[in-house]
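*Asks:* Here it is: the structure, laid out below.
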Amino acid sequence: MTTSTPDQTSTPPPEGVRILGIGASAGGLAPLEEFLARIPPHSHMAYVVVQHLDPTHRALLPELLQRITPMSVRQAAQGMPIEPDCVYVIPPNTELSVVDGVLNLARPMEPRGMRLPINVLFSSLARAQGEAAIGVVLSGMGADGTLGLQAIKAVGGLTAVQQPDTAQFDAMPKSAIAAHCADIIAPPGDLPARILACIAQVPATGASPGPSGEPGAAPGAESSPLTRILRLLQQRTRHDFSLYKRSTLNRRMERRMAIHEIDTLTHYADFLEHNPQEIDLLFKEVLIGVTSFFRDAPVWEYLAATTLPALLARQRRDHHLRVWVVGCSTGEEAYSLAMIFVEALEKLPRPHDFSLQIFASDLSPDAIATARRGHYPAGISSSVSAERLARFFSAQGDGYQINRDIRDLVLFAQQDVVLDPPFTRLDLISCRNLLIYFDQTLQRKLIPLFHYSLRAGGVLVLGSSETVGRHSQLFAPLQSKLRIYLRQDNAESRDMRLPVKSFPPLTWIAKELPVPPSPSSARTGDNLQAAADQVLLQVYAPAAVVVNGEGDIVYISGRTGKYLEPAAGKANWNFHAMVREGLRTPIASALRQAASQNEAVQLQGLEIPLPGGTLQRVDITVQALREPTALRGMTMIVFRDVAPPHVAPSRKNAKSTARPPSRDRELRHYQDEIQALREENRASREELQSANEELQSTNEELQSTNEELTTSKEEMQSMNEELQTINAEMQTKLDDLSLAQSDMRNLLNSIEIAIVFLDQNLNVRRYTERASKIINIRESDVGRPLSDLTTSLLYPELHDDALTTLGTLEFSEKQILATDGRWFTVRIMPYRRLDNVIDGVVITLVDITATKELEQALRKDLKS
């Protein structure tokens, strides 16, 4: 059963504002804006944004996000209270978390490139909000956010991930999806509506199923839709969830219903009947398993310092410890036990012969498959010390691979602790955060089961929210606070026996199906020809065996007792273990030779000792089989006895027992071959030893180089993400500046005033279209001095007056006549920037021809 969830699962979320955490990295600004733009202004939730930022660069994120949402956007500060309809943004070079309803800022402990601030936020939300926690992962590189989403999902919260094909960098969304911790996968613009729909659909925390199976009814009411769902689960998966807590089942089903926008259990039961794949997804939802290495540090410290040394110190003949991790999920807890066992062995005085076997079981096949692979993301560095990472793991790809010596200590198995027989003769059982999902009936059954499985003096470790309940006569507390118990062997506990009917018959769990007898065997005796052939083969055919590629005997013909005999010890049908001593070496060499050629290999005149001290000479044929197809890859070995040569009667003297010269030559030949083989073996061994030393040296150098490259890669990736964020912010600023420039140009052209902007060297910086009709200026003249330009104004002092204004900061205003008869008011004023720095002059030319003409007309009227 996959139930390694955080301890907060049983604690309802605190009352207060609901918080939605958003994590993004490289390429995350655009989806952030798209996400926040789709949130209604009065959603009554708070939004906390964490993005990978350059720790040395001032963040522009609050200003950029404020433009696209009516909600208040603030940069987070230490102790800042969390208010609804507000957005809080992480400052640079900090880790942001939620503690006691306020924002908490901390300096990162990890070096740059190893920081995972999104996981920090999401994990704090899981602790603080429980089932009300919501986490969203958007575009980014790496895997930050995956472990945090797992923590939120474990406590019953809601998780959402940006659809990878809509992300500029899809590593973070893909990592979360691969970890099976995403409830909603959608483009960033669709995520708010999907999340709000789920929140509106799922009833308040703690609601129980109603009498008709709908949310809101009494917990004990019998529900027809719920019964249908449990029956469908049992038919599909063989596992009965009827004894699970109804609140847990309802919470898991409500999450699936919200995702599919189904409003009642009746409709969901109908949906399951027509969608078997949804039954599989619901099964995985119920089996949500989130664990971590060395979770709940005080428990592991006590196990390493007290429990394991006490178990190892026991004086008994069997120095083999057996441990069962129930509900192992993806294996972190089992591997943690293996690591502290190895560390405990190092503290024992040498020599010792202790060994360990950990049985780790879980109901989820996916979790077991992950545990068997033993590959974990780089984020485990937050829970595993650097010393343990270096010793028990190997860096591989973007994560860590458990070392073979630790992997070999753990045996993973898919098992239902409720239905399947338990492991027995155990020294320690770890069953943490499993019982909280079962009702009292099932809990009362499992505690005696654990007592039955443990040896005398065995230890039981439970989760922080679990106890042995009424079975205090079975287990005595070693550490009540840590939920560590010692098996009792008193009179009351001895009277308790494990009921046989607790588990299904063995035929239900058989690994292999019985093979029915062949119907042709009954007819064989009725066939005279076949029976005669069989007798002839048994009597006159030579003895032979057929072996497979590994040397295991798959078929025996005739009497082979003179050539083969069972090896002592455990039954072993391997040919090399059964063949008699005089034949083993020649046949092994012939098997290798026959495998590489089509012709049979003949061995003649081999001798084997018989009872009574006599020798039997035998000829052997070794033939690799390639036809028929059923025998392809196998080898036949045929034995033929050789009759001893007839020896005429002679006088009994010393010469009658003399060894023939041919035997001496054969013996010398064999001795020469043995000597040559020894020399070749010695030379090969020396070469291999030399090559092995070189490979070890090269491996150490490559490992060191790989560690350096991995560190550099992580730092470069982190800096790249930060630069991507800065680049996105700068691009947004550039877009704003481009828009402002367009606005300014349209404004200047719309007021119909000739304006020329000059820099401190009186070079043209900008001008309006109307100014180009008075001063001969074109686009290519930008940057040219004012003195190089010609104008239609009768104003030779224009350059000198502009220079005077720049030096004295005094305005200059004159009425100037143009060559075409028009009059202009020419005003020269300093160009003052926003930071109050003079950076040139501005010349405005206002056409006052009409005013001059009216003035002249009035003067004429006055004179007349």
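Letters for chains follow the order of the structure tokens (A, B, ...), residue numbers begin at 1 for each chain, and ligand numbers begin at 1 in the order shown.
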Within 10 Å of Val73 (chain A), counting only C-alpha atoms, which residues show up once you throw out same-chain ones fewer than 4 positions away? Write them as a ChimeraX atom specification, please.
*Replies:* /A:47-48,61-67,69,85-89
*Asks:* What would the file look like if the residues just selected were written as a PDB file, in the first residue's frame with N, CA, C and O atoms?
*Replies:*
```pdb
ATOM      1  N   TYR A  47      -1.982  34.748  -3.601  1.00  0.00           N
ATOM      2  CA  TYR A  47      -1.109  34.122  -4.593  1.00  0.00           C
ATOM      3  C   TYR A  47       0.340  34.462  -4.255  1.00  0.00           C
ATOM      4  O   TYR A  47       0.704  35.642  -4.158  1.00  0.00           O
ATOM      5  N   VAL A  48       1.140  33.425  -4.074  1.00  0.00           N
ATOM      6  CA  VAL A  48       2.550  33.600  -3.728  1.00  0.00           C
ATOM      7  C   VAL A  48       3.374  33.102  -4.909  1.00  0.00           C
ATOM      8  O   VAL A  48       3.258  31.942  -5.314  1.00  0.00           O
ATOM      9  N   LEU A  61      10.002  42.088 -11.188  1.00  0.00           N
ATOM     10  CA  LEU A  61       8.803  41.267 -11.333  1.00  0.00           C
ATOM     11  C   LEU A  61       7.558  41.908 -10.735  1.00  0.00           C
ATOM     12  O   LEU A  61       6.497  41.876 -11.368  1.00  0.00           O
ATOM     13  N   PRO A  62       7.606  42.494  -9.530  1.00  0.00           N
ATOM     14  CA  PRO A  62       6.371  43.097  -9.008  1.00  0.00           C
ATOM     15  C   PRO A  62       5.799  44.171  -9.922  1.00  0.00           C
ATOM     16  O   PRO A  62       4.579  44.216 -10.154  1.00  0.00           O
ATOM     17  N   GLU A  63       6.664  45.058 -10.456  1.00  0.00           N
ATOM     18  CA  GLU A  63       6.156  46.119 -11.339  1.00  0.00           C
ATOM     19  C   GLU A  63       5.571  45.538 -12.626  1.00  0.00           C
ATOM     20  O   GLU A  63       4.546  46.014 -13.116  1.00  0.00           O
ATOM     21  N   LEU A  64       6.205  44.489 -13.157  1.00  0.00           N
ATOM     22  CA  LEU A  64       5.722  43.908 -14.406  1.00  0.00           C
ATOM     23  C   LEU A  64       4.383  43.212 -14.215  1.00  0.00           C
ATOM     24  O   LEU A  64       3.504  43.289 -15.079  1.00  0.00           O
ATOM     25  N   LEU A  65       4.226  42.519 -13.077  1.00  0.00           N
ATOM     26  CA  LEU A  65       2.968  41.802 -12.853  1.00  0.00           C
ATOM     27  C   LEU A  65       1.832  42.741 -12.487  1.00  0.00           C
ATOM     28  O   LEU A  65       0.667  42.425 -12.741  1.00  0.00           O
ATOM     29  N   GLN A  66       2.174  43.872 -11.876  1.00  0.00           N
ATOM     30  CA  GLN A  66       1.107  44.797 -11.471  1.00  0.00           C
ATOM     31  C   GLN A  66       0.355  45.353 -12.672  1.00  0.00           C
ATOM     32  O   GLN A  66      -0.819  45.729 -12.554  1.00  0.00           O
ATOM     33  N   ARG A  67       1.007  45.393 -13.840  1.00  0.00           N
ATOM     34  CA  ARG A  67       0.360  45.961 -15.018  1.00  0.00           C
ATOM     35  C   ARG A  67      -0.782  45.099 -15.538  1.00  0.00           C
ATOM     36  O   ARG A  67      -1.675  45.598 -16.194  1.00  0.00           O
ATOM     37  N   THR A  69      -2.761  42.763 -13.694  1.00  0.00           N
ATOM     38  CA  THR A  69      -3.778  42.289 -12.763  1.00  0.00           C
ATOM     39  C   THR A  69      -4.254  43.433 -11.890  1.00  0.00           C
ATOM     40  O   THR A  69      -3.450  44.276 -11.466  1.00  0.00           O
ATOM     41  N   ASP A  85      -6.818  38.183  -2.283  1.00  0.00           N
ATOM     42  CA  ASP A  85      -6.790  39.007  -3.495  1.00  0.00           C
ATOM     43  C   ASP A  85      -5.519  39.851  -3.567  1.00  0.00           C
ATOM     44  O   ASP A  85      -5.547  41.009  -3.991  1.00  0.00           O
ATOM     45  N   CYS A  86      -4.411  39.253  -3.154  1.00  0.00           N
ATOM     46  CA  CYS A  86      -3.112  39.908  -3.238  1.00  0.00           C
ATOM     47  C   CYS A  86      -2.097  38.915  -3.825  1.00  0.00           C
ATOM     48  O   CYS A  86      -2.232  37.701  -3.654  1.00  0.00           O
ATOM     49  N   VAL A  87      -1.103  39.476  -4.500  1.00  0.00           N
ATOM     50  CA  VAL A  87      -0.032  38.676  -5.083  1.00  0.00           C
ATOM     51  C   VAL A  87       1.262  39.037  -4.373  1.00  0.00           C
ATOM     52  O   VAL A  87       1.611  40.218  -4.278  1.00  0.00           O
ATOM     53  N   TYR A  88       1.979  38.020  -3.871  1.00  0.00           N
ATOM     54  CA  TYR A  88       3.232  38.233  -3.157  1.00  0.00           C
ATOM     55  C   TYR A  88       4.360  37.606  -3.979  1.00  0.00           C
ATOM     56  O   TYR A  88       4.284  36.437  -4.369  1.00  0.00           O
ATOM     57  N   VAL A  89       5.417  38.388  -4.218  1.00  0.00           N
ATOM     58  CA  VAL A  89       6.517  37.973  -5.086  1.00  0.00           C
ATOM     59  C   VAL A  89       7.777  37.815  -4.252  1.00  0.00           C
ATOM     60  O   VAL A  89       8.100  38.666  -3.412  1.00  0.00           O
TER      61      VAL A  89
END
```
*Asks:* Which residue, A:Asn433, A:Ala338, A:Pro421, A:Tyr563, has the smallest gap to Phe392 (chain A) when you use only C-alpha atoms?
*Replies:*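 Once distances to Phe392 (chain A) are computed over only C-alpha atoms, the minimum belongs to A:Ala338.
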*Asks:* Using DSSP secondary structure from the backbone, list all strand (DSSP E or B) positions within region 82-163 of chain A, as a count of residues only.
*Replies:* 23
*Asks:* CA of Ile484 (chain A) and CA of Glu346 (chain A), how far apart in Å?
*Replies:*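 A separation of 23.7 Å between them.
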*Asks:* As a VMD selection string, which residues of region 686-780 of chain A does DSSP assign to helix (DSSP H, G or I)?
*Replies:* chain A and resid 686 to 750 769 to 772 779 to 780
*Asks:* Taking 6 positions as the minimum chain separation for residues in the same chain, which residues sit within 9 Å of Tyr795 (chain A) when counting only C-alpha atoms? Answer as a list in words.
*Replies:*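 Returned residues: Ile816, Leu817 and Ala818 of chain A.
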*Asks:* Quick check, in Å to one decimal: how far apart do CA of Thr851 (chain A) and CA of Ala754 (chain A) lie?
*Replies:*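 Separation of CA of Thr851 (chain A) and CA of Ala754 (chain A): 17.2 Å.
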*Asks:* List the neighbours of Leu411 (chain A) out to 8 Å using only C-alpha atoms; skip same-chain residues closer than 2 positions along the sequence, and give me the result as a ChimeraX atom specification.
*Replies:* /A:357-360,408-409,413
*Asks:* So which one's closest to Ala456 (chain A), A:Arg784, A:Lys570, A:His44, A:Arg487? Using only C-alpha atoms, please.
*Replies:*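 Of all the options, A:Arg487 lies closest to Ala456 (chain A).
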*Asks:* Which one is closest to Met80 (chain A): A:Asp100, A:Pro586, A:Ile340, A:Thr94? Count only C-alpha atoms.
*Replies:*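 Smallest distance to Met80 (chain A) is found for A:Asp100.
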